[in-house]
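K.L.:
Sharing start_39.tsv below, TSV, C-alpha atoms:
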chain	number	residue	atom	x	y	z
A	280	MET	CA	9.34	12.29	-38.47
A	281	PRO	CA	6.99	10.42	-40.81
A	282	VAL	CA	3.77	9.04	-39.38
A	283	THR	CA	3.71	5.24	-39.11
A	284	TYR	CA	0.65	3.00	-39.15
A	285	ASN	CA	0.17	-0.62	-38.18
A	286	GLU	CA	-1.50	-3.21	-40.42
A	287	LYS	CA	-4.95	-2.13	-39.16
A	288	GLY	CA	-4.31	1.47	-40.20
A	289	GLN	CA	-3.87	2.70	-36.61
A	290	GLN	CA	-1.22	5.34	-36.00
A	291	LEU	CA	1.71	4.11	-33.91
A	292	THR	CA	3.49	6.17	-31.26
A	293	LYS	CA	7.28	6.46	-31.40
A	294	ILE	CA	7.60	3.94	-28.57
A	295	GLU	CA	5.24	1.45	-30.24
A	296	LYS	CA	7.14	1.78	-33.52
A	297	LEU	CA	10.47	1.29	-31.78
A	298	LEU	CA	9.15	-1.78	-29.97
A	299	GLU	CA	7.79	-3.15	-33.24
A	300	LEU	CA	11.22	-2.70	-34.86
A	301	ILE	CA	12.94	-4.40	-31.90
A	302	ILE	CA	10.51	-7.33	-32.04
A	303	LYS	CA	11.00	-7.69	-35.80
A	304	GLY	CA	14.76	-7.68	-35.17
A	305	CYS	CA	14.30	-10.43	-32.57
A	306	ILE	CA	12.29	-12.45	-35.08
A	307	ASP	CA	15.32	-12.18	-37.40
A	308	ASN	CA	17.60	-13.33	-34.52
A	309	ASP	CA	19.35	-9.95	-34.42
A	310	ARG	CA	21.47	-9.97	-31.24
A	311	GLN	CA	21.29	-6.19	-30.79
A	312	SER	CA	17.48	-6.31	-30.92
A	313	GLN	CA	17.45	-9.13	-28.38
A	314	LYS	CA	19.74	-7.12	-26.12
A	315	GLU	CA	17.46	-4.07	-26.42
A	316	LEU	CA	14.31	-6.08	-25.70
A	317	TYR	CA	15.97	-7.69	-22.67
A	318	GLY	CA	17.23	-4.32	-21.41
A	319	ASN	CA	13.94	-2.52	-21.93
A	320	PHE	CA	11.88	-5.17	-20.11
A	321	TYR	CA	14.43	-6.36	-17.53
A	322	SER	CA	12.94	-4.46	-14.56
A	323	TYR	CA	9.38	-5.43	-15.43
A	324	ALA	CA	10.38	-9.08	-15.88
A	325	MET	CA	12.46	-9.13	-12.71
A	326	SER	CA	9.57	-7.76	-10.66
A	327	ILE	CA	7.42	-10.70	-11.81
A	328	CYS	CA	10.13	-13.30	-11.22
A	329	ILE	CA	11.07	-12.04	-7.76
A	330	ARG	CA	7.40	-12.16	-6.68
A	331	TYR	CA	7.20	-15.83	-7.55
A	332	THR	CA	10.66	-17.05	-6.56
A	333	GLY	CA	11.20	-14.99	-3.42
A	334	ASN	CA	14.92	-14.48	-3.94
A	335	GLN	CA	17.27	-12.72	-6.34
A	336	ALA	CA	19.30	-15.75	-7.47
A	337	ASP	CA	16.26	-17.84	-8.46
A	338	ALA	CA	14.59	-14.78	-10.00
A	339	VAL	CA	17.59	-14.17	-12.28
A	340	GLU	CA	17.63	-17.84	-13.30
A	341	VAL	CA	13.90	-17.82	-14.09
A	342	LEU	CA	14.13	-14.45	-15.85
A	343	ASN	CA	16.87	-15.74	-18.15
A	344	ASP	CA	14.92	-18.95	-18.83
A	345	GLY	CA	11.86	-16.82	-19.59
A	346	PHE	CA	13.70	-14.56	-22.01
A	347	LEU	CA	15.17	-17.61	-23.75
A	348	LYS	CA	11.58	-18.82	-24.27
A	349	VAL	CA	10.62	-15.36	-25.52
A	350	PHE	CA	13.41	-15.36	-28.10
A	351	LEU	CA	12.65	-18.94	-29.19
A	352	ASN	CA	8.93	-18.19	-29.58
A	353	ILE	CA	8.91	-14.55	-30.70
A	354	LYS	CA	7.79	-15.61	-34.17
A	355	LYS	CA	4.50	-16.71	-32.58
A	356	PHE	CA	3.88	-13.26	-31.09
A	357	ASP	CA	1.06	-11.33	-32.79
A	358	ILE	CA	2.57	-7.91	-33.46
A	359	GLU	CA	-0.95	-6.42	-33.41
A	360	LYS	CA	-1.35	-7.25	-29.72
A	361	PRO	CA	0.33	-5.69	-26.68
A	362	PHE	CA	3.71	-7.21	-25.89
A	363	LYS	CA	3.72	-6.93	-22.07
A	364	PRO	CA	0.86	-9.40	-21.40
A	365	TRP	CA	2.49	-11.94	-23.73
A	366	LEU	CA	5.82	-11.51	-21.96
A	367	ARG	CA	4.15	-11.72	-18.53
A	368	ARG	CA	2.42	-14.99	-19.42
A	369	ILE	CA	5.74	-16.53	-20.49
A	370	LEU	CA	7.47	-15.30	-17.33
A	371	VAL	CA	4.70	-16.53	-15.03
A	372	ASN	CA	4.79	-19.93	-16.74
A	373	SER	CA	8.59	-19.99	-16.34
A	374	CYS	CA	8.19	-19.21	-12.65
A	375	LEU	CA	5.63	-22.00	-12.28
A	376	ASP	CA	7.95	-24.41	-14.11
A	377	HIS	CA	10.69	-23.46	-11.66
A	378	ILE	CA	8.38	-24.06	-8.69
A	379	LYS	CA	7.30	-27.45	-10.07
A	380	LYS	CA	10.92	-28.41	-10.80
A	381	ASN	CA	11.79	-27.72	-7.18
A	382	ALA	CA	8.57	-29.22	-5.80
A	383	LYS	CA	10.42	-32.12	-4.22
A	384	HIS	CA	11.97	-29.58	-1.85
A	385	ASN	CA	8.95	-27.30	-1.57
A	386	GLN	CA	5.70	-29.19	-1.45
A	387	LEU	CA	2.44	-27.43	-2.23
A	388	ALA	CA	0.62	-28.26	0.97
A	389	ASP	CA	-2.99	-29.25	1.27
A	390	ILE	CA	-3.72	-27.47	4.49
A	391	SER	CA	-7.40	-28.26	4.68
A	392	GLU	CA	-6.80	-29.91	8.06
A	393	ALA	CA	-4.33	-27.30	9.26
A	394	GLU	CA	-5.45	-24.69	11.72
A	395	VAL	CA	-5.61	-21.18	10.35
A	396	SER	CA	-5.77	-18.65	13.14
A	397	GLN	CA	-8.26	-15.87	12.73
A	398	SER	CA	-6.83	-12.49	13.48
A	399	THR	CA	-8.65	-9.91	15.54
A	400	LEU	CA	-7.33	-7.26	13.20
A	401	GLU	CA	-8.89	-7.52	9.77
A	402	THR	CA	-6.45	-5.16	8.10
A	403	PRO	CA	-3.36	-4.34	10.11
A	404	GLU	CA	-1.98	-0.83	9.88
A	405	HIS	CA	1.46	-0.74	8.31
A	406	ASN	CA	3.84	1.69	6.73
A	407	LEU	CA	5.65	-0.73	4.44
A	408	ASN	CA	6.76	0.31	0.99
A	409	TYR	CA	6.46	-1.84	-2.15
A	410	GLU	CA	9.85	-3.53	-1.70
A	411	GLU	CA	9.10	-4.39	1.93
A	412	ILE	CA	5.74	-5.89	0.97
A	413	LEU	CA	7.46	-7.95	-1.76
A	414	THR	CA	9.93	-9.13	0.86
A	415	LYS	CA	7.05	-10.30	3.05
A	416	ILE	CA	5.46	-12.13	0.10
A	417	GLY	CA	8.89	-13.63	-0.64
A	418	GLN	CA	8.97	-15.11	2.86
A	419	LEU	CA	5.97	-17.31	2.08
A	420	SER	CA	6.63	-20.92	1.13
A	421	PRO	CA	6.88	-21.42	-2.66
A	422	GLY	CA	3.43	-23.02	-2.83
A	423	TYR	CA	1.70	-20.30	-0.86
A	424	ARG	CA	3.62	-17.60	-2.72
A	425	ALA	CA	2.65	-19.04	-6.12
A	426	VAL	CA	-1.06	-19.26	-5.26
A	427	PHE	CA	-1.05	-15.79	-3.68
A	428	ASN	CA	0.64	-14.21	-6.72
A	429	LEU	CA	-1.55	-16.02	-9.23
A	430	TYR	CA	-4.81	-15.19	-7.45
A	431	VAL	CA	-4.27	-11.80	-5.82
A	432	ILE	CA	-1.81	-10.11	-8.15
A	433	ASP	CA	-2.27	-11.77	-11.54
A	434	GLY	CA	-6.03	-12.39	-11.27
A	435	TYR	CA	-6.21	-16.12	-12.01
A	436	LYS	CA	-9.21	-18.17	-10.84
A	437	HIS	CA	-8.74	-21.10	-8.45
A	438	SER	CA	-9.67	-23.57	-11.19
A	439	ASP	CA	-6.92	-22.14	-13.41
A	440	ILE	CA	-4.40	-22.12	-10.55
A	441	ALA	CA	-5.22	-25.75	-9.77
A	442	SER	CA	-4.61	-26.68	-13.39
A	443	LEU	CA	-1.37	-24.68	-13.65
A	444	LEU	CA	0.11	-26.07	-10.42
A	445	GLY	CA	-1.27	-29.60	-10.62
A	446	ILE	CA	-3.20	-29.28	-7.36
A	447	THR	CA	-6.87	-29.43	-6.48
A	448	GLU	CA	-9.05	-26.34	-6.44
A	449	SER	CA	-9.60	-26.79	-2.70
A	450	THR	CA	-5.83	-26.89	-2.17
A	451	SER	CA	-5.52	-23.65	-4.09
A	452	LYS	CA	-8.19	-22.03	-1.90
A	453	SER	CA	-6.60	-23.41	1.27
A	454	ASN	CA	-3.14	-22.21	0.25
A	455	LEU	CA	-4.52	-18.73	-0.47
A	456	THR	CA	-6.26	-18.60	2.91
A	457	ARG	CA	-3.08	-19.70	4.67
A	458	ALA	CA	-0.91	-17.26	2.68
A	459	LYS	CA	-3.18	-14.36	3.63
A	460	ALA	CA	-3.15	-15.44	7.29
A	461	ILE	CA	0.65	-15.63	7.31
A	462	LEU	CA	0.99	-12.23	5.63
A	463	ARG	CA	-1.53	-10.73	8.06
A	464	ALA	CA	0.49	-12.13	10.99
A	465	MET	CA	3.70	-10.67	9.53
A	466	LEU	CA	2.05	-7.26	9.16
A	467	GLU	CA	0.70	-7.45	12.71
A	468	ARG	CA	4.22	-8.18	13.99
A	469	GLU	CA	5.50	-5.15	12.05
A	470	GLU	CA	2.75	-3.03	13.59
A	471	VAL	CA	3.63	-4.17	17.11
A	472	LYS	CA	7.36	-3.78	16.41
A	473	TYR	CA	7.11	-0.24	15.03
A	474	GLY	CA	3.68	0.85	16.29
What is this file in structure tokens?
P.N.:
Amino acid sequence: MPVTYNEKGQQLTKIEKLLELIIKGCIDNDRQSQKELYGNFYSYAMSICIRYTGNQADAVEVLNDGFLKVFLNIKKFDIEKPFKPWLRRILVNSCLDHIKKNAKHNQLADISEAEVSQSTLETPEHNLNYEEILTKIGQLSPGYRAVFNLYVIDGYKHSDIASLLGITESTSKSNLTRAKAILRAMLEREEVKYG
């Protein structure tokens, strides 16, 4: 197989070359390339969407909205940069749009006056696998879940979260504190239940 280089003269792996070809096909609106991109990144995208939405039906809706945005904006993607972070940013923004759209049903609470119980156990012992932990995160309210995912998993700062969700920085901090307290309580219940 001939060696392939990118525009900077760096050698591409077979996978990188294949992804580059798929992306170029998507830029040309090739349906087969779009199907391949969707299929290759479905699991990765679904894992992001399920973390933010908390349920399969909403996750599928957001995932499809996200991929539609990917296909509409793929011409803006810089082929010299990694694809996954670009895709993740679009999916996270799609999840946040979904949360905002449904905000009338799921208010982002300012819990600064609410009582947050302090646990005696700092880190509960648990034997939960990844899917079970995601299920616990999915049981959080949409506002708490969004702040928790953005801060803990995706590494956003509270100022950025506040801007993305249209809340104050103190609300973001409060929601994170409450989300952690709720998750800790869930894990403690699991420990008591199975311990």
K.L.:
Hey, which of A:Ile306, A:Ala382, A:Leu316, A:Cys374 ends up closest to Lys354 (chain A)? Count all atoms listed in the file.
P.N.:
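For Lys354 (chain A), the nearest of the given residues is A:Ile306.
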K.L.:
Determine, counting all atoms listed in the file, which protein, DNA and RNA residues have an atom within 10 Å of an atom of Ser312 (chain A); residues of the same chain fewer than 6 positions away are not included. Present the result as an NGL selection string.
P.N.:
:A and (298 or 300-306 or 318)
K.L.:
Once you count all atoms listed in the file, what closest atom pair and distance in Å to one decimal does each residue of region 306-333 of chain A within 12 Å of region 426-442 of chain A have, with rows by chain and rising residue number, as a tab-separated table?
P.N.:
residue	atom	partner	partner_atom	distance
A:Ser326	CA	A:Asn428	CA	11.7
A:Ile327	CA	A:Asn428	CA	9.2
A:Cys328	CA	A:Asn428	CA	10.5
A:Ile329	CA	A:Asn428	CA	10.7
A:Arg330	CA	A:Asn428	CA	7.1
A:Tyr331	CA	A:Asn428	CA	6.8
A:Thr332	CA	A:Asn428	CA	10.4
A:Gly333	CA	A:Asn428	CA	11.1
K.L.:
Have a look at A:Pro364, A:Ala324, A:Glu359, A:Leu444 and name the one nearest to Lys296 (chain A); count only C-alpha atoms.
P.N.:
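Closest residue, counting only C-alpha atoms: A:Glu359.
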K.L.:
Report, in Å with one decimal, the straight-line distance from CA of Leu455 (chain A) to CA of Lys363 (chain A).
P.N.:
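These two atoms are separated by 26.0 Å.
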K.L.:
Hey, can you check how far CA of Asn308 (chain A) sits from CA of Leu342 (chain A)?
P.N.:
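Between CA of Asn308 (chain A) and CA of Leu342 (chain A) the gap is 19.0 Å.
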K.L.:
To one decimal place in Å, what is the distance between CA of Leu419 (chain A) and CA of Tyr323 (chain A)?
P.N.:
21.4 Å
K.L.:
Which of these, A:Arg468, A:Arg463, A:Asn372, A:Asn334, has the shortest distance to Gln418 (chain A) once you count all atoms listed in the file?
P.N.:
A:Asn334
K.L.:
I need the residue nearest Phe356 (chain A) from this list: A:Arg457, A:Lys314, A:Glu299, A:Leu443. Use all atoms listed in the file for the distance.
P.N.:
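Nearest candidate to Phe356 (chain A) out of A:Arg457, A:Lys314, A:Glu299, A:Leu443: A:Glu299.
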K.L.:
Identify which of the residues A:Leu347, A:Ile353, A:Ala458, A:Leu366 lies closest to Lys415 (chain A), counting all atoms listed in the file when measuring atom-to-atom distances.
P.N.:
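Ranked by minimum distance to Lys415 (chain A), first place goes to A:Ala458.
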K.L.:
Please identify all polymer residues within 9 Å of Thr456 (chain A), counting only C-alpha atoms, omitting same-chain residues fewer than 4 positions from it, and present them as number ranges by chain.
P.N.:
A: 395, 423, 427, 451-452, 460-461
